[in-house]
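> Pasting protein.csv here (CSV, C-alpha atoms and all ligand atoms):
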```csv
chain,number,residue,atom,x,y,z
A,1,MET,CA,-7.5,-14.4,-0.2
A,2,THR,CA,-8.5,-10.9,0.7
A,3,GLY,CA,-9.7,-10.4,-2.9
A,4,PHE,CA,-8.8,-6.9,-3.9
A,5,SER,CA,-10.1,-6.1,-7.4
A,6,ALA,CA,-8.0,-4.5,-10.1
A,7,ASP,CA,-10.9,-2.1,-10.7
A,8,TRP,CA,-10.8,-0.9,-7.0
A,9,LEU,CA,-7.0,-0.5,-7.1
A,10,ALA,CA,-7.3,1.5,-10.4
A,11,LEU,CA,-10.0,3.8,-8.9
A,12,ARG,CA,-7.9,4.6,-5.8
A,13,GLU,CA,-4.5,5.0,-7.6
A,14,PRO,CA,-4.7,8.7,-8.4
A,15,ALA,CA,-5.9,9.5,-4.8
A,16,ASP,CA,-3.1,7.3,-3.4
A,17,HIS,CA,-0.4,9.0,-5.4
A,18,ARG,CA,-1.7,12.5,-4.5
A,19,ALA,CA,-1.9,11.6,-0.8
A,20,ARG,CA,1.7,10.3,-0.3
A,21,ASN,CA,3.6,12.3,2.2
A,22,GLY,CA,6.0,14.7,0.5
A,23,ASP,CA,8.6,15.0,3.3
A,24,LEU,CA,9.1,11.3,3.6
A,25,ALA,CA,9.2,10.9,-0.2
A,26,ALA,CA,12.0,13.6,-0.2
A,27,ALA,CA,13.8,11.7,2.6
A,28,LEU,CA,13.6,8.5,0.6
A,29,SER,CA,14.9,10.3,-2.5
A,30,ALA,CA,17.8,11.8,-0.6
A,31,ARG,CA,18.8,8.4,0.6
A,32,PHE,CA,18.4,6.4,-2.6
A,33,GLY,CA,18.1,8.9,-5.5
A,34,GLN,CA,21.8,8.3,-6.4
A,35,THR,CA,22.0,4.6,-5.6
A,36,THR,CA,22.4,2.6,-8.8
A,37,PRO,CA,21.8,-0.2,-9.4
A,38,LEU,CA,19.2,-0.4,-6.7
A,39,ARG,CA,17.2,-3.5,-5.6
A,40,VAL,CA,13.7,-3.0,-4.3
A,41,THR,CA,11.1,-5.5,-3.1
A,42,ASP,CA,7.5,-4.3,-3.1
A,43,ILE,CA,5.2,-6.5,-1.0
A,44,GLY,CA,1.5,-6.8,-1.5
A,45,ALA,CA,2.2,-5.1,-4.8
A,46,GLY,CA,-1.2,-5.6,-6.4
A,47,THR,CA,-1.2,-4.0,-9.9
A,48,GLY,CA,2.1,-2.1,-9.4
A,49,SER,CA,0.9,1.3,-8.2
A,50,ASN,CA,3.6,1.6,-5.6
A,51,LEU,CA,6.3,1.1,-8.2
A,52,ARG,CA,4.7,3.7,-10.5
A,53,ALA,CA,4.8,6.3,-7.6
A,54,THR,CA,8.2,5.4,-6.0
A,55,ALA,CA,10.4,4.7,-9.0
A,56,PRO,CA,10.7,8.4,-9.9
A,57,LEU,CA,12.3,9.0,-6.4
A,58,LEU,CA,15.0,6.4,-6.9
A,59,GLY,CA,18.3,5.9,-8.9
A,60,ARG,CA,18.8,5.4,-12.6
A,61,GLU,CA,18.9,1.6,-12.7
A,62,GLN,CA,16.4,-0.2,-10.6
A,63,HIS,CA,15.7,-3.9,-10.0
A,64,TRP,CA,12.2,-4.5,-8.6
A,65,THR,CA,10.6,-7.7,-7.3
A,66,LEU,CA,6.8,-7.4,-7.0
A,67,VAL,CA,5.4,-9.9,-4.5
A,68,ASP,CA,1.7,-10.7,-4.2
A,69,TYR,CA,-0.3,-13.9,-3.6
A,70,ASP,CA,-2.9,-13.0,-6.2
A,71,PRO,CA,-1.8,-14.2,-9.7
A,72,ALA,CA,-4.5,-12.2,-11.4
A,73,LEU,CA,-3.3,-8.9,-9.9
A,74,LEU,CA,0.3,-9.7,-10.8
A,75,ALA,CA,-0.7,-10.4,-14.4
A,76,GLU,CA,-2.5,-7.0,-14.4
A,77,ALA,CA,0.6,-5.4,-12.9
A,78,ARG,CA,2.6,-6.7,-15.8
A,79,ARG,CA,0.0,-5.3,-18.3
A,80,GLN,CA,-0.2,-1.9,-16.6
A,81,LEU,CA,3.5,-1.5,-16.2
A,82,ARG,CA,4.1,-2.2,-19.9
A,83,ALA,CA,1.5,0.5,-20.7
A,84,TRP,CA,3.0,3.0,-18.2
A,85,ALA,CA,6.6,2.7,-19.4
A,86,ASP,CA,8.1,4.7,-22.3
A,87,ASP,CA,9.5,1.4,-23.6
A,88,ALA,CA,9.0,-2.2,-22.5
A,89,SER,CA,10.3,-5.6,-23.4
A,90,GLU,CA,9.9,-9.1,-22.0
A,91,ALA,CA,13.0,-10.3,-20.1
A,92,ASP,CA,13.5,-14.0,-19.2
A,93,ASP,CA,12.1,-13.6,-15.8
A,94,GLY,CA,10.0,-10.4,-16.0
A,95,LEU,CA,10.0,-7.0,-17.8
A,96,ARG,CA,12.7,-4.5,-18.9
A,97,LEU,CA,11.2,-1.0,-18.8
A,98,THR,CA,12.5,2.5,-19.4
A,99,LYS,CA,10.7,5.4,-17.9
A,100,ASP,CA,11.8,9.1,-17.8
A,101,GLY,CA,15.5,8.1,-18.4
A,102,ARG,CA,15.5,5.3,-15.8
A,103,ALA,CA,16.0,1.6,-16.5
A,104,LEU,CA,13.8,-0.7,-14.6
A,105,HIS,CA,14.0,-4.5,-14.4
A,106,VAL,CA,10.8,-5.9,-12.9
A,107,ARG,CA,10.2,-9.5,-11.6
A,108,PHE,CA,6.9,-10.9,-10.4
A,109,ARG,CA,6.8,-13.3,-7.5
A,110,GLU,CA,3.7,-15.1,-6.4
A,111,ALA,CA,3.9,-15.9,-2.7
A,112,ASP,CA,1.8,-15.9,0.5
A,113,LEU,CA,3.6,-13.4,2.8
A,114,ALA,CA,1.6,-14.6,5.8
A,115,ARG,CA,3.2,-18.1,5.5
A,116,ALA,CA,6.6,-17.1,4.2
A,117,PRO,CA,7.8,-13.6,4.9
A,118,GLU,CA,11.3,-14.9,4.1
A,119,VAL,CA,10.7,-14.4,0.4
A,120,ILE,CA,11.2,-10.7,1.1
A,121,GLY,CA,14.9,-11.2,1.6
A,122,ALA,CA,15.4,-13.4,-1.5
A,123,GLN,CA,16.8,-10.6,-3.7
A,124,THR,CA,18.8,-9.0,-0.9
A,125,PRO,CA,17.0,-5.7,-1.5
A,126,HIS,CA,18.4,-2.3,-0.5
A,127,LEU,CA,14.8,-1.3,0.1
A,128,VAL,CA,11.6,-3.1,1.1
A,129,THR,CA,8.5,-1.2,0.4
A,130,ALA,CA,4.7,-1.6,0.5
A,131,ALA,CA,1.6,0.5,-0.1
A,132,ALA,CA,-1.9,0.1,1.4
A,133,PHE,CA,-0.8,-3.2,2.9
A,134,PHE,CA,0.1,-3.0,6.6
A,135,ASP,CA,-3.3,-2.5,8.1
A,136,LEU,CA,-4.1,-6.1,6.8
A,137,VAL,CA,-1.3,-7.8,8.8
A,138,SER,CA,-1.3,-8.8,12.5
A,139,ALA,CA,0.5,-7.4,15.4
A,140,ASP,CA,2.4,-10.7,15.7
A,141,TRP,CA,3.5,-10.7,12.1
A,142,ILE,CA,5.0,-7.2,12.2
A,143,PRO,CA,8.1,-8.1,14.4
A,144,ARG,CA,8.6,-11.2,12.3
A,145,PHE,CA,8.6,-9.1,9.2
A,146,ALA,CA,10.9,-6.5,10.7
A,147,ASP,CA,13.4,-9.2,11.6
A,148,VAL,CA,13.5,-10.5,8.0
A,149,VAL,CA,14.0,-6.9,6.7
A,150,ALA,CA,16.8,-6.2,9.2
A,151,GLN,CA,18.5,-9.5,8.3
A,152,THR,CA,18.8,-8.4,4.7
A,153,GLY,CA,20.2,-5.0,5.8
A,154,ALA,CA,17.5,-3.2,3.9
A,155,ASP,CA,15.7,0.1,4.7
A,156,PHE,CA,11.9,0.1,4.8
A,157,PHE,CA,9.3,2.5,3.3
A,158,THR,CA,5.6,2.0,3.5
A,159,VAL,CA,2.8,4.3,2.5
A,160,LEU,CA,-1.0,4.6,3.0
A,161,THR,CA,-1.5,2.5,6.1
A,162,CYS,CA,-4.9,3.4,7.5
A,163,ASP,CA,-4.9,5.4,10.8
A,164,GLY,CA,-8.6,5.8,11.5
A,165,ALA,CA,-8.5,9.6,11.3
A,166,ASP,CA,-11.5,9.8,9.0
A,167,ASP,CA,-14.0,12.6,8.5
A,168,TRP,CA,-17.0,12.8,6.3
A,169,GLN,CA,-18.8,16.1,5.6
A,170,PRO,CA,-21.5,17.0,6.3
A,171,PRO,CA,-21.9,14.8,9.4
A,172,HIS,CA,-24.5,12.0,9.5
A,173,PRO,CA,-26.2,10.7,12.6
A,174,ASP,CA,-25.0,7.2,12.0
A,175,ASP,CA,-21.3,8.1,11.5
A,176,ALA,CA,-20.2,6.8,14.9
A,177,ALA,CA,-22.1,3.5,14.6
A,178,ILE,CA,-20.7,2.9,11.1
A,179,THR,CA,-17.2,3.8,12.1
A,180,ALA,CA,-17.4,1.4,15.1
A,181,GLY,CA,-18.6,-1.4,12.7
A,182,PHE,CA,-16.0,-0.6,10.1
A,183,HIS,CA,-13.1,-0.7,12.7
A,184,ALA,CA,-14.4,-4.0,14.0
A,185,ASP,CA,-14.3,-5.4,10.5
A,186,GLN,CA,-10.8,-3.9,9.9
A,187,ALA,CA,-9.6,-6.0,12.9
A,188,ARG,CA,-10.8,-9.3,11.2
A,189,ASP,CA,-8.2,-11.9,10.3
A,190,LYS,CA,-7.0,-11.1,6.7
A,191,GLY,CA,-4.8,-14.2,6.6
A,192,PHE,CA,-2.1,-13.0,9.1
A,193,GLY,CA,-4.1,-13.3,12.3
A,194,PRO,CA,-6.3,-10.5,13.8
A,195,ALA,CA,-5.4,-7.5,11.7
A,196,ALA,CA,-3.4,-4.6,13.3
A,197,GLY,CA,-5.6,-2.1,11.4
A,198,ASN,CA,-5.1,1.5,12.5
A,199,ASP,CA,-2.3,0.5,15.0
A,200,ALA,CA,0.0,-1.0,12.3
A,201,THR,CA,2.2,2.1,11.8
A,202,ALA,CA,2.9,2.5,15.6
A,203,LEU,CA,3.7,-1.2,15.8
A,204,LEU,CA,6.1,-1.0,12.8
A,205,ALA,CA,7.9,2.0,14.3
A,206,GLU,CA,8.3,0.1,17.5
A,207,ALA,CA,9.5,-3.1,15.8
A,208,PHE,CA,12.1,-1.3,13.6
A,209,GLY,CA,13.1,1.0,16.5
A,210,ARG,CA,14.0,-2.1,18.6
A,211,LEU,CA,16.2,-3.3,15.7
A,212,GLY,CA,18.2,0.0,15.7
A,213,TYR,CA,16.4,1.7,12.8
A,214,GLN,CA,15.4,5.4,12.8
A,215,ALA,CA,11.6,5.3,12.0
A,216,ARG,CA,9.7,8.4,11.0
A,217,SER,CA,6.0,8.5,10.2
A,218,ALA,CA,3.9,11.3,8.7
A,219,PRO,CA,0.3,11.7,7.5
A,220,SER,CA,-0.9,10.9,4.0
A,221,PRO,CA,-4.7,11.3,4.1
A,222,TRP,CA,-7.0,11.0,1.1
A,223,LEU,CA,-8.6,14.5,0.8
A,224,LEU,CA,-11.6,13.8,-1.5
A,225,ASP,CA,-13.7,16.6,-2.9
A,226,GLY,CA,-17.3,15.5,-3.8
A,227,THR,CA,-17.5,18.0,-6.6
A,228,SER,CA,-14.7,16.3,-8.5
A,229,PRO,CA,-16.1,13.5,-10.7
A,230,ALA,CA,-13.0,11.3,-10.0
A,231,ASP,CA,-13.2,11.8,-6.3
A,232,ALA,CA,-17.0,11.4,-6.3
A,233,ALA,CA,-16.6,7.9,-7.9
A,234,LEU,CA,-14.1,7.0,-5.1
A,235,ILE,CA,-16.4,8.4,-2.4
A,236,ALA,CA,-19.3,6.3,-3.8
A,237,ALA,CA,-17.2,3.1,-3.8
A,238,LEU,CA,-15.8,3.9,-0.4
A,239,ALA,CA,-19.3,4.6,1.0
A,240,ALA,CA,-20.5,1.2,-0.3
A,241,GLY,CA,-17.5,-0.7,1.0
A,242,THR,CA,-17.5,1.0,4.4
A,243,ALA,CA,-21.2,0.4,4.9
A,244,GLY,CA,-20.9,-3.3,3.7
A,245,ALA,CA,-18.0,-3.9,6.1
A,246,ALA,CA,-19.9,-2.3,9.0
A,247,ALA,CA,-23.0,-4.3,8.3
A,248,GLU,CA,-21.0,-7.5,8.2
A,249,SER,CA,-19.5,-6.7,11.6
A,250,GLY,CA,-23.1,-6.8,13.0
A,251,THR,CA,-22.9,-3.4,14.8
A,252,VAL,CA,-25.4,-1.8,12.4
A,253,SER,CA,-28.4,-3.3,10.6
A,254,PRO,CA,-28.1,-3.9,6.9
A,255,ASN,CA,-30.9,-1.3,6.4
A,256,GLY,CA,-29.1,1.2,8.5
A,257,ALA,CA,-25.8,0.6,6.6
A,258,ASP,CA,-27.7,1.0,3.3
A,259,ALA,CA,-29.2,4.3,4.3
A,260,TRP,CA,-25.8,5.6,5.4
A,261,ALA,CA,-24.2,4.6,2.2
A,262,GLN,CA,-27.0,6.3,0.1
A,263,ALA,CA,-26.5,9.5,2.1
A,264,ARG,CA,-22.7,9.3,1.9
A,265,ARG,CA,-22.6,9.0,-1.9
A,266,GLY,CA,-23.4,12.7,-1.9
A,267,ALA,CA,-20.8,13.7,0.7
A,268,ARG,CA,-19.3,17.1,0.2
A,269,SER,CA,-15.9,16.0,1.2
A,270,CYS,CA,-14.2,13.0,2.8
A,271,ARG,CA,-10.9,12.6,4.6
A,272,ILE,CA,-9.5,9.1,5.0
A,273,GLY,CA,-6.6,9.0,7.3
A,274,HIS,CA,-3.4,7.2,6.5
A,275,LEU,CA,0.3,7.3,7.6
A,276,ASP,CA,3.5,6.7,5.7
A,277,LEU,CA,6.6,5.4,7.4
A,278,LEU,CA,10.3,5.4,6.5
A,279,ALA,CA,12.7,3.3,8.6
A,280,THR,CA,16.4,3.7,7.9
A,281,ARG,CA,19.4,2.0,9.3
A,282,GLY,CA,21.7,4.4,11.2
B,301,LIG,C1,-5.0,-2.8,-0.7
B,301,LIG,S1,-4.1,-3.8,-1.8
B,301,LIG,C2,-2.7,-2.8,-2.2
B,301,LIG,C3,-2.1,-3.1,-3.5
B,301,LIG,C4,-1.0,-2.1,-4.0
B,301,LIG,N1,0.1,-2.1,-3.0
B,301,LIG,C5,-1.5,-0.7,-4.2
B,301,LIG,O1,-1.1,0.2,-3.5
B,301,LIG,O2,-2.4,-0.6,-5.0
B,301,LIG,C6,-3.4,-5.1,-0.8
B,301,LIG,C7,-2.5,-6.1,-1.6
B,301,LIG,O3,-2.0,-7.1,-0.7
B,301,LIG,C8,-2.1,-8.4,-1.2
B,301,LIG,N2,-2.0,-9.4,-0.2
B,301,LIG,C9,-2.9,-9.5,0.9
B,301,LIG,N3,-2.6,-10.5,1.6
B,301,LIG,C10,-1.4,-11.1,1.1
B,301,LIG,C11,-0.6,-12.2,1.4
B,301,LIG,N4,-0.9,-13.0,2.5
B,301,LIG,N5,0.5,-12.4,0.7
B,301,LIG,C12,0.8,-11.7,-0.4
B,301,LIG,N6,0.0,-10.6,-0.8
B,301,LIG,C13,-1.1,-10.3,-0.1
B,301,LIG,C14,-3.4,-8.3,-2.0
B,301,LIG,O4,-3.5,-9.3,-3.0
B,301,LIG,C15,-3.4,-6.9,-2.6
B,301,LIG,O5,-2.7,-6.9,-3.8
```
The structure in this file should be written as C-alpha cells.

Amino acid sequence: MTGFSADWLALREPADHRARNGDLAAALSARFGQTTPLRVTDIGAGTGSNLRATAPLLGREQHWTLVDYDPALLAEARRQLRAWADDASEADDGLRLTKDGRALHVRFREADLARAPEVIGAQTPHLVTAAAFFDLVSADWIPRFADVVAQTGADFFTVLTCDGADDWQPPHPDDAAITAGFHADQARDKGFGPAAGNDATALLAEAFGRLGYQARSAPSPWLLDGTSPADAALIAALAAGTAGAAAESGTVSPNGADAWAQARRGARSCRIGHLDLLATRG
C-alpha cells in the first residue's frame, strides 16, 4: 500500500478545495447540476475529501460509491462524512446524508484498483471522479482505466494531479537537486507499475480523446502563504515529505535533504502545481 495517513489528508484538504479549478468546476456543474438521481464513483477516495468538494456542484439526489484499498481510510471517510453532513443515518450498505438540501447515499467499496479497475463500472456511474490520485498510476494503466469508464458511458472528472510546476520562495541553492530527486521518487511504482507522475494528465487527455471524449485540463495549484498558520503547517509537512522522498531516491544525501527541509520550513511562499481534467462524451 502507498500508506497515506488520514492526518496528511486532513492537513491538505483546505488547500485542495481552494485550489480546484473554478472553470472546470463550473463546466461540471453545468453538465450535472440538474441530473437527479446521479450516480458517482470516486476512486482513491481516501477520507472523502473529493465528495465534500464535488457534491455541491451536482444534482439534488446523489448516489456515491467511494472506492479505496485502505480500509482504515474508508472507515475515517464514513466518520468524517457523518460529521460533515447536516443529517446522517446508517443505511444497509452505507450512509444516507443530507447536506445543503441535497440527499446523498454513500457506499464504501474496498478494492485494489491496480488489480481490478473493472470495479469502477459496477454501479454504472454517470460520473467517475478522483482527486490527488492519478500521479500514482502508470502510463499503462491509464488507457485500461479509460476503456472501463468509456464502457460504462460515464464522464470523467479528476482534480489535483501533480504537474511539476512547483516554486518555493525564496530560492534555495539545493532546489534543483531536491526537485530531481523528488521527481525520481514520484516515478516509483505505487502498485500500478512505474508511476506516470507529472505526465498523468496529458496521458489521460490522450486516452479519453482516442475514445471520442472532449477532454479539457486547467491548472489547480496550491498557492501557500508562509505567513498563514494553516499554510505554514502544510509547507512544513510538504518540506519534510519532499526532502525524505528526494533522499530516498539517492540523488541527494540525507544531510543535504535535512538541511533543505529545515530551510524550507520557513519558506515565504510555495506553489505546488496541479492540473484538473474534465472529459465528457460528445
Ligand atoms: C493522495 S490520496 C488522495 C485521497 C483523496 N482522493 C483526497 O483527495 O484526499 C490517494 C488515495 O489513493 C488510494 N489508493 C492508492 N493506490 C490504490 C489502489 N491500488 N487501489 C485503491 N486505492 C488506492 C490511497 O489509499 C489514497 O486514499
> For atom CA of A:Leu97 and atom CA of A:Ala85, determine how far apart the two atoms are, in Å to one decimal place.
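Atom CA of A:Ala85 lies 5.9 Å from atom CA of A:Leu97.
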> Under the rule of at most 6 Å, produce a per-residue listing of chain A near ligand LIG 301 (chain B): chain, number, name, the closest pair of atoms, and the distance in Å, as a Markdown table, using all atoms listed in the file.

```
| residue | atom | partner | partner_atom | distance |
| --- | --- | --- | --- | --- |
| A:Thr2 | CA | B:LIG301 | C9 | 5.8 |
| A:Phe4 | CA | B:LIG301 | C15 | 5.6 |
| A:Leu9 | CA | B:LIG301 | O2 | 5.1 |
| A:Gly44 | CA | B:LIG301 | O3 | 3.6 |
| A:Ala45 | CA | B:LIG301 | N1 | 4.1 |
| A:Gly46 | CA | B:LIG301 | O5 | 3.3 |
| A:Ser49 | CA | B:LIG301 | O2 | 5.0 |
| A:Asn50 | CA | B:LIG301 | O1 | 5.3 |
| A:Asp68 | CA | B:LIG301 | N6 | 3.8 |
| A:Tyr69 | CA | B:LIG301 | C12 | 4.0 |
| A:Asp70 | CA | B:LIG301 | O4 | 4.9 |
| A:Ala111 | CA | B:LIG301 | C12 | 5.7 |
| A:Asp112 | CA | B:LIG301 | N5 | 3.7 |
| A:Leu113 | CA | B:LIG301 | N5 | 3.9 |
| A:Ala114 | CA | B:LIG301 | N4 | 4.4 |
| A:Ala130 | CA | B:LIG301 | N1 | 5.8 |
| A:Ala131 | CA | B:LIG301 | N1 | 4.2 |
| A:Ala132 | CA | B:LIG301 | C2 | 4.7 |
| A:Phe133 | CA | B:LIG301 | C6 | 4.9 |
| A:Gly191 | CA | B:LIG301 | N4 | 5.8 |
```
> Give me, please, the distance in Å between atom CA of A:Phe192 and atom CA of A:Val128, quoted to one decimal.
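Result for atom CA of A:Phe192 versus atom CA of A:Val128: 18.7 Å, one decimal.
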> For A:Ser29, please output as a list in words all residues within 10 Å (counting only C-alpha atoms; exclusion window: fewer than 2 positions along the same chain).
Asp23, Leu24, Ala25, Ala26, Ala27, Arg31, Phe32, Gly33, Gln34, Thr35, Thr54, Ala55, Pro56, Leu57, Leu58 and Gly59 of chain A
> Can you measure atom CA of A:Glu118 to atom CA of A:Asp155 for me? One decimal in Å is fine.
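Result for atom CA of A:Glu118 versus atom CA of A:Asp155: 15.6 Å, one decimal.
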> Kindly indicate which residue among A:Ile142, A:Gly241, A:Val148, A:Asp167 lies nearest to A:Thr201, using all atoms listed in the file for the distances.
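When distances to A:Thr201 are compared using all atoms listed in the file, the smallest one comes from A:Ile142.
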> From (6.6, -9.2, -17.9), in the file's coordinates, out to 9 Å: which residues are reached, counting only C-alpha atoms? Answer as a list in words.
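The distance filter leaves exactly Ala75, Ala77, Arg78, Arg79, Leu81, Arg82, Ala88, Ser89, Glu90, Ala91, Asp92, Asp93, Gly94, Leu95, Arg96, Val106, Arg107 and Phe108 of chain A.
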> Starting from 3 Å padding per side, set up an axis-aligned box that covers all listed atoms of stretch 97-115 of chain A and hand over centre and edge lengths in Å, one decimal, as AutoDock Vina command-line options.

```
--center_x 8.8 --center_y -4.5 --center_z -6.8 --size_x 20.4 --size_y 33.2 --size_z 31.2
```
> Would you pick out the contacts of A:Gln214 at 8 Å or less, using all atoms listed in the file, so that residues sharing its chain but fewer than 5 positions from it are not included, and give the list as an mmCIF file with C-alpha atoms, in the coordinates of the input?

```
data_model
loop_
_atom_site.group_PDB
_atom_site.id
_atom_site.type_symbol
_atom_site.label_atom_id
_atom_site.label_comp_id
_atom_site.auth_asym_id
_atom_site.auth_seq_id
_atom_site.Cartn_x
_atom_site.Cartn_y
_atom_site.Cartn_z
ATOM 1 C CA PHE A 208 12.100 -1.300 13.600
ATOM 2 C CA GLY A 209 13.100 1.000 16.500
ATOM 3 C CA ALA A 279 12.700 3.300 8.600
ATOM 4 C CA THR A 280 16.400 3.700 7.900
ATOM 5 C CA ARG A 281 19.400 2.000 9.300
ATOM 6 C CA GLY A 282 21.700 4.400 11.200
#
```
> Which residue, A:Gln80, A:Thr158, A:Ser253, A:Thr65, has the smallest gap to A:Glu110 when you use only C-alpha atoms?
A:Thr65
> Measuring between all atoms listed in the file, which one of A:Leu66, A:Val137, A:Ala165, A:Ala257 shows the shortest distance to A:Ile120?
A:Leu66
> Measuring between all atoms listed in the file, which one of A:Ala187, A:Cys162, A:Leu203, A:Val119 shows the shortest distance to A:Trp222?
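The shortest atom-to-atom distance to A:Trp222 comes from A:Cys162.
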> Give the answer as one residue: which of A:Asp7, A:Asp42, A:Glu76, A:Asp163 has the shortest atom-to-atom distance to A:Ala202, using only C-alpha atoms?
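Residue with the minimum atom-to-atom distance to A:Ala202: A:Asp163.
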> Restricting the calculation to only C-alpha atoms: of A:Ser220, A:Leu127, A:Trp260, A:Phe156, which residue gets closest to A:Ala177?
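Of A:Ser220, A:Leu127, A:Trp260, A:Phe156, the one nearest A:Ala177 is A:Trp260, counting only C-alpha atoms.
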> Taking 3 positions as the minimum chain separation for residues in the same chain, which residues sit within 10 Å of A:Glu13 when counting only C-alpha atoms? Answer as number ranges by chain.
A: 8-10, 16-19, 47-50, 52-53
> Show which residues sit within 8 Å of A:Ala15, as an MDAnalysis selection string. Count only C-alpha atoms, and ignore same-chain residues fewer than 6 positions away.
chainID A and resid 222:224 231
> Write to file, as a JSON list (two decimals), in the frame of the given file, the residues of the selection just made, with C-alpha atoms.

```
[["chain", "number", "residue", "atom", "x", "y", "z"],
["A", 222, "TRP", "CA", -7.00, 11.00, 1.10],
["A", 223, "LEU", "CA", -8.60, 14.50, 0.80],
["A", 224, "LEU", "CA", -11.60, 13.80, -1.50],
["A", 231, "ASP", "CA", -13.20, 11.80, -6.30]]
```
